[in-house]
Protein chains: 2
Amino acid sequence: MKKKKKNENSSKIFEGHDHGACFGDAITQIEDYFIQKKLQLTPLRRKVFEILIEDHKPLGAYEILDKLGKAGFSSSPPIAYRVLDFLIEHGFVHKVQGLNAFIACSNPKHSHFPTFVICRKCEKVAEVSEEKSGLNLPSPEITNFKIEKTTIELTGICSTCENAEIR
Amino acid sequence: MKKKKKNENSSKIFEGHDHGACFGDAITQIEDYFIQKKLQLTPLRRKVFEILIEDHKPLGAYEILDKLGKAGFSSSPPIAYRVLDFLIEHGFVHKVQGLNAFIACSNPKHSHFPTFVICRKCEKVAEVSEEKSGLNLPSPEITNFKIEKTTIELTGICSTCENAEIR
DNA sequence: GATTAGTGTGTTATGTTATAACATGTAATG
DNA sequence: CATTACATGTTATAACATAACACACTAATC
C-alpha cells in the first residue's frame, strides 16, 4: 500500500509554471513574430490565441468556438479551424491528437518536435521540449526518412494522481 | 539537383516485408494468444483482424465496416469500434492517430510502445518497434510519470518519394 | 478611379469519425 | 431455471472537421 498525499517526488513537468509571466510573454512573442514575418495578428487570431493561453490547457475546437461566440465573434466551425490551422502552421499552437484538442505552445522558439505528457486522471497536459524529452533523437532505423512533423504523446498517470490512488 | 529514381539508399523500414509469412504468422499468433488468455476469437473478431492484416495498411473504421458488410456481417459503427477497441487492448491492432485509422500490429510480442513512420506522399506506414526506434528511452524529465500508452508518429517523406520529387 | 489579386472573415451545408443507450442471443454457473 | 457474463445487433445522436461559396478590405497596377 502506498502513502496518501505525501507527493514527495512529483513530476516537475506539471508544475513550476508562472502563468502570469507566461501569458504576457506569449502575447509579446506572437506579436513580435507576426510583425517580423509581416503577418496580420487580427482581432480574431489574437482572441483565439488568448483563449488558448488563458488557462493553458487543451481545448476542443467547439469549446473555442463557444468562447469566440461569447466574445462577439462568429462561431461557425470553419472560423476556429482556419485560425487554429494558421496558428499551428506558425508554431504557436499544437494539436493534441489523443484529445482532439488544441493547446498553446509553451515555447514557440524551441519546440519543433514537442512531446506531450497527458495524465488520464487529472487531464493535465505538459509540453516537454525536444531538448529535454530525450525522445526525439534520430533513430538509426529512420535516418532515411525526412521527418517533417511529429506527434509524440505519452498518456498515463502523473505522480500526484498516482499518490492519490490508494487502492 | 538530385538523381531521379536511383533510390540507392532507401529506408529499410518500408521494405523487406514477407507478407505471405506475416499473414500466416499473425493469425497463428492471435489464435495462440486468445487460447492462452481464454478469450474468444469469434468470427467477427477474426474477420476484422484478417481485414487489417490482409493488405497491412491503415484502414478507417468505416472502410472496415464496408468490408464487414460485404462479408455478411453487420456494418453499423459500434460493431467495428468495439472489436477494434478489443483488439487494441490486447495489442493486435494500433490506432494511427494522424490518419484516424487502424492498423494490424507488426509484432504483438514486442511492441508495447511502437513508433509509426508515415509518408505523406505515398501514404505508406511503417511500424518500428521500441527497441529499434530509439525513441522510447525514458526521459529524465518524465521519470515521475507512469506511461501507460504512447502515441509516437513521425510524418514526412520517405526516401523513395523524395528521390522521385525532381523539382 | 477602375481593375485585379491577395487576404481574412462569414455562412450554409455536409462529410467524417465516434459513442450512448438499449435490445437480443447464447453459453456457463450456481 | 434464474443469474451472470459476454458478444453482437440496432437506432439514434454526438463530436469533430471540411467544402464551397460570398463578401469585405487592402494594396498594387493600369
# chains A, B, ... in the order shown; residues from 1 in each chain; ligands from 1

call {"tool": "interface_residues", "arguments": {"of": "chain D", "to": "chain A", "cutoff": "12 Å", "atoms": "only C-alpha atoms (C1' of nucleotides)", "output": "JSON, numbers by chain"}}
result
{"D": [15, 16, 17, 18, 19, 20]}

call {"tool": "interface_residues", "arguments": {"of": "chain C", "to": "chain B", "cutoff": "9 Å", "atoms": "only C-alpha atoms (C1' of nucleotides)", "output": "list of chain:residue names"}}
result
C:DT17, C:DA18, C:DT19

call {"tool": "write_last_selection", "arguments": {"atoms": "N, CA, C and O atoms (P, O5', C5', C4', C3', O3' and C1' of nucleotides)", "output": "compact mmCIF listing (two decimals), in the first residue's frame"}}
result
# COMPACT_ATOMS: atom_id res chain seq x y z
P DT C 17 -13.13 9.38 -41.82
O5' DT C 17 -13.47 9.45 -40.26
C5' DT C 17 -12.87 10.45 -39.46
C4' DT C 17 -13.40 10.34 -38.06
C3' DT C 17 -13.30 8.94 -37.44
O3' DT C 17 -12.55 9.08 -36.25
C1' DT C 17 -15.44 9.86 -37.07
P DA C 18 -12.28 7.81 -35.30
O5' DA C 18 -13.54 7.87 -34.33
C5' DA C 18 -13.72 9.01 -33.49
C4' DA C 18 -14.94 8.80 -32.62
C3' DA C 18 -14.97 7.48 -31.85
O3' DA C 18 -14.84 7.80 -30.48
C1' DA C 18 -17.12 8.03 -32.77
P DT C 19 -14.92 6.65 -29.36
O5' DT C 19 -16.43 6.78 -28.88
C5' DT C 19 -16.93 8.08 -28.57
C4' DT C 19 -18.38 7.99 -28.13
C3' DT C 19 -18.70 6.89 -27.12
O3' DT C 19 -19.43 7.51 -26.07
C1' DT C 19 -20.24 6.84 -28.88

call {"tool": "select_by_dssp", "arguments": {"residues": "stretch 23-95 of chain A", "states": "strand (DSSP E or B)", "output": "list in words"}}
result
Leu59, Val93, His94 and Lys95 of chain A

call {"tool": "write_last_selection", "arguments": {"atoms": "all heavy atoms", "output": "PDB file, in the first residue's frame"}}
result
ATOM      1  N   LEU A  59      -8.045  22.682 -25.423  1.00  0.00           N
ATOM      2  CA  LEU A  59      -9.461  22.967 -25.650  1.00  0.00           C
ATOM      3  C   LEU A  59      -9.873  22.379 -26.990  1.00  0.00           C
ATOM      4  O   LEU A  59      -9.127  22.469 -27.963  1.00  0.00           O
ATOM      5  CB  LEU A  59      -9.706  24.477 -25.678  1.00  0.00           C
ATOM      6  CG  LEU A  59      -9.457  25.258 -24.394  1.00  0.00           C
ATOM      7  CD1 LEU A  59      -9.653  26.747 -24.637  1.00  0.00           C
ATOM      8  CD2 LEU A  59     -10.376  24.768 -23.281  1.00  0.00           C
ATOM      9  N   VAL A  93       0.507  27.090 -31.744  1.00  0.00           N
ATOM     10  CA  VAL A  93      -0.499  26.164 -31.210  1.00  0.00           C
ATOM     11  C   VAL A  93      -0.122  24.754 -31.661  1.00  0.00           C
ATOM     12  O   VAL A  93       0.447  24.571 -32.741  1.00  0.00           O
ATOM     13  CB  VAL A  93      -1.913  26.543 -31.729  1.00  0.00           C
ATOM     14  CG1 VAL A  93      -2.931  25.461 -31.419  1.00  0.00           C
ATOM     15  CG2 VAL A  93      -2.361  27.882 -31.140  1.00  0.00           C
ATOM     16  N   HIS A  94      -0.413  23.792 -30.811  1.00  0.00           N
ATOM     17  CA  HIS A  94      -0.268  22.385 -31.192  1.00  0.00           C
ATOM     18  C   HIS A  94      -1.612  21.699 -31.078  1.00  0.00           C
ATOM     19  O   HIS A  94      -2.455  22.106 -30.276  1.00  0.00           O
ATOM     20  CB  HIS A  94       0.722  21.672 -30.279  1.00  0.00           C
ATOM     21  CG  HIS A  94       2.100  22.218 -30.316  1.00  0.00           C
ATOM     22  ND1 HIS A  94       2.915  22.112 -31.415  1.00  0.00           N
ATOM     23  CD2 HIS A  94       2.812  22.896 -29.390  1.00  0.00           C
ATOM     24  CE1 HIS A  94       4.072  22.695 -31.165  1.00  0.00           C
ATOM     25  NE2 HIS A  94       4.041  23.181 -29.938  1.00  0.00           N
ATOM     26  N   LYS A  95      -1.751  20.662 -31.864  1.00  0.00           N
ATOM     27  CA  LYS A  95      -2.926  19.811 -31.686  1.00  0.00           C
ATOM     28  C   LYS A  95      -2.531  18.609 -30.841  1.00  0.00           C
ATOM     29  O   LYS A  95      -1.521  17.959 -31.115  1.00  0.00           O
ATOM     30  CB  LYS A  95      -3.456  19.339 -33.039  1.00  0.00           C
ATOM     31  CG  LYS A  95      -4.683  18.456 -32.875  1.00  0.00           C
ATOM     32  CD  LYS A  95      -5.418  18.239 -34.168  1.00  0.00           C
ATOM     33  CE  LYS A  95      -6.697  17.460 -33.905  1.00  0.00           C
ATOM     34  NZ  LYS A  95      -7.410  17.132 -35.138  1.00  0.00           N
TER      35      LYS A  95
END

call {"tool": "closest_residue", "arguments": {"among": "A:Leu39, A:Arg45, A:Pro114, A:Ile13", "to": "chain B", "atoms": "only C-alpha atoms"}}
result
A:Ile13

call {"tool": "atom_distance", "arguments": {"atom1": "atom C1' of C:DT7", "atom2": "atom CA of A:Lys38"}}
result
12.5 Å

call {"tool": "atom_distance", "arguments": {"atom1": "atom CA of B:Thr143", "atom2": "atom CA of A:Phe113"}}
result
19.4 Å

call {"tool": "atom_distance", "arguments": {"atom1": "atom CA of B:Gln36", "atom2": "atom CA of B:His90"}}
result
12.3 Å

call {"tool": "residues_around", "arguments": {"residues": "D:DT4", "least_positions_apart": "2", "cutoff": "12 Å", "atoms": "only C-alpha atoms (C1' of nucleotides)", "output": "PDB file with C-alpha atoms (C1' of nucleotides), in the first residue's frame"}}
result
ATOM      1  C1'  DA C  27     -23.236 -20.260 -23.068  1.00  0.00           C
ATOM      2  C1'  DA C  28     -21.593 -21.258 -18.357  1.00  0.00           C
ATOM      3  C1'  DT C  29     -22.671 -21.291 -13.410  1.00  0.00           C
ATOM      4  C1'  DG C  30     -24.998 -21.702  -9.162  1.00  0.00           C
TER       5       DG C  30
ATOM      6  C1'  DA D   2     -32.509 -17.827 -12.720  1.00  0.00           C
ATOM      7  C1'  DC D   6     -20.061 -11.842 -22.748  1.00  0.00           C
TER       8       DC D   6
END

call {"tool": "decode", "arguments": {"residues": "chain C", "atoms": "C-alpha atoms (C1' of nucleotides)", "output": "PDB file, in the first residue's frame"}}
result
ATOM      1  C1'  DG C   1     -10.551  55.625 -60.253  1.00  0.00           C
ATOM      2  C1'  DA C   2     -11.482  51.084 -62.132  1.00  0.00           C
ATOM      3  C1'  DT C   3      -9.351  46.575 -62.068  1.00  0.00           C
ATOM      4  C1'  DT C   4      -7.155  42.986 -60.165  1.00  0.00           C
ATOM      5  C1'  DA C   5      -5.052  39.945 -56.766  1.00  0.00           C
ATOM      6  C1'  DG C   6      -4.401  38.667 -52.154  1.00  0.00           C
ATOM      7  C1'  DT C   7      -6.048  38.004 -47.719  1.00  0.00           C
ATOM      8  C1'  DG C   8      -9.250  37.462 -43.884  1.00  0.00           C
ATOM      9  C1'  DT C   9     -13.751  36.521 -42.282  1.00  0.00           C
ATOM     10  C1'  DG C  10     -18.634  34.978 -42.599  1.00  0.00           C
ATOM     11  C1'  DT C  11     -22.267  31.448 -43.851  1.00  0.00           C
ATOM     12  C1'  DT C  12     -24.534  27.225 -45.281  1.00  0.00           C
ATOM     13  C1'  DA C  13     -24.355  22.748 -45.859  1.00  0.00           C
ATOM     14  C1'  DT C  14     -22.356  18.477 -45.426  1.00  0.00           C
ATOM     15  C1'  DG C  15     -18.884  14.977 -44.557  1.00  0.00           C
ATOM     16  C1'  DT C  16     -16.415  12.051 -41.325  1.00  0.00           C
ATOM     17  C1'  DT C  17     -15.437   9.865 -37.070  1.00  0.00           C
ATOM     18  C1'  DA C  18     -17.115   8.031 -32.767  1.00  0.00           C
ATOM     19  C1'  DT C  19     -20.237   6.836 -28.882  1.00  0.00           C
ATOM     20  C1'  DA C  20     -24.568   6.294 -25.899  1.00  0.00           C
ATOM     21  C1'  DA C  21     -28.236   3.551 -24.838  1.00  0.00           C
ATOM     22  C1'  DC C  22     -30.757  -0.180 -25.255  1.00  0.00           C
ATOM     23  C1'  DA C  23     -32.113  -4.980 -27.264  1.00  0.00           C
ATOM     24  C1'  DT C  24     -31.116  -9.745 -28.278  1.00  0.00           C
ATOM     25  C1'  DG C  25     -28.775 -14.123 -28.177  1.00  0.00           C
ATOM     26  C1'  DT C  26     -26.049 -17.660 -26.166  1.00  0.00           C
ATOM     27  C1'  DA C  27     -23.236 -20.260 -23.068  1.00  0.00           C
ATOM     28  C1'  DA C  28     -21.593 -21.258 -18.357  1.00  0.00           C
ATOM     29  C1'  DT C  29     -22.671 -21.291 -13.410  1.00  0.00           C
ATOM     30  C1'  DG C  30     -24.998 -21.702  -9.162  1.00  0.00           C
TER      31       DG C  30
END
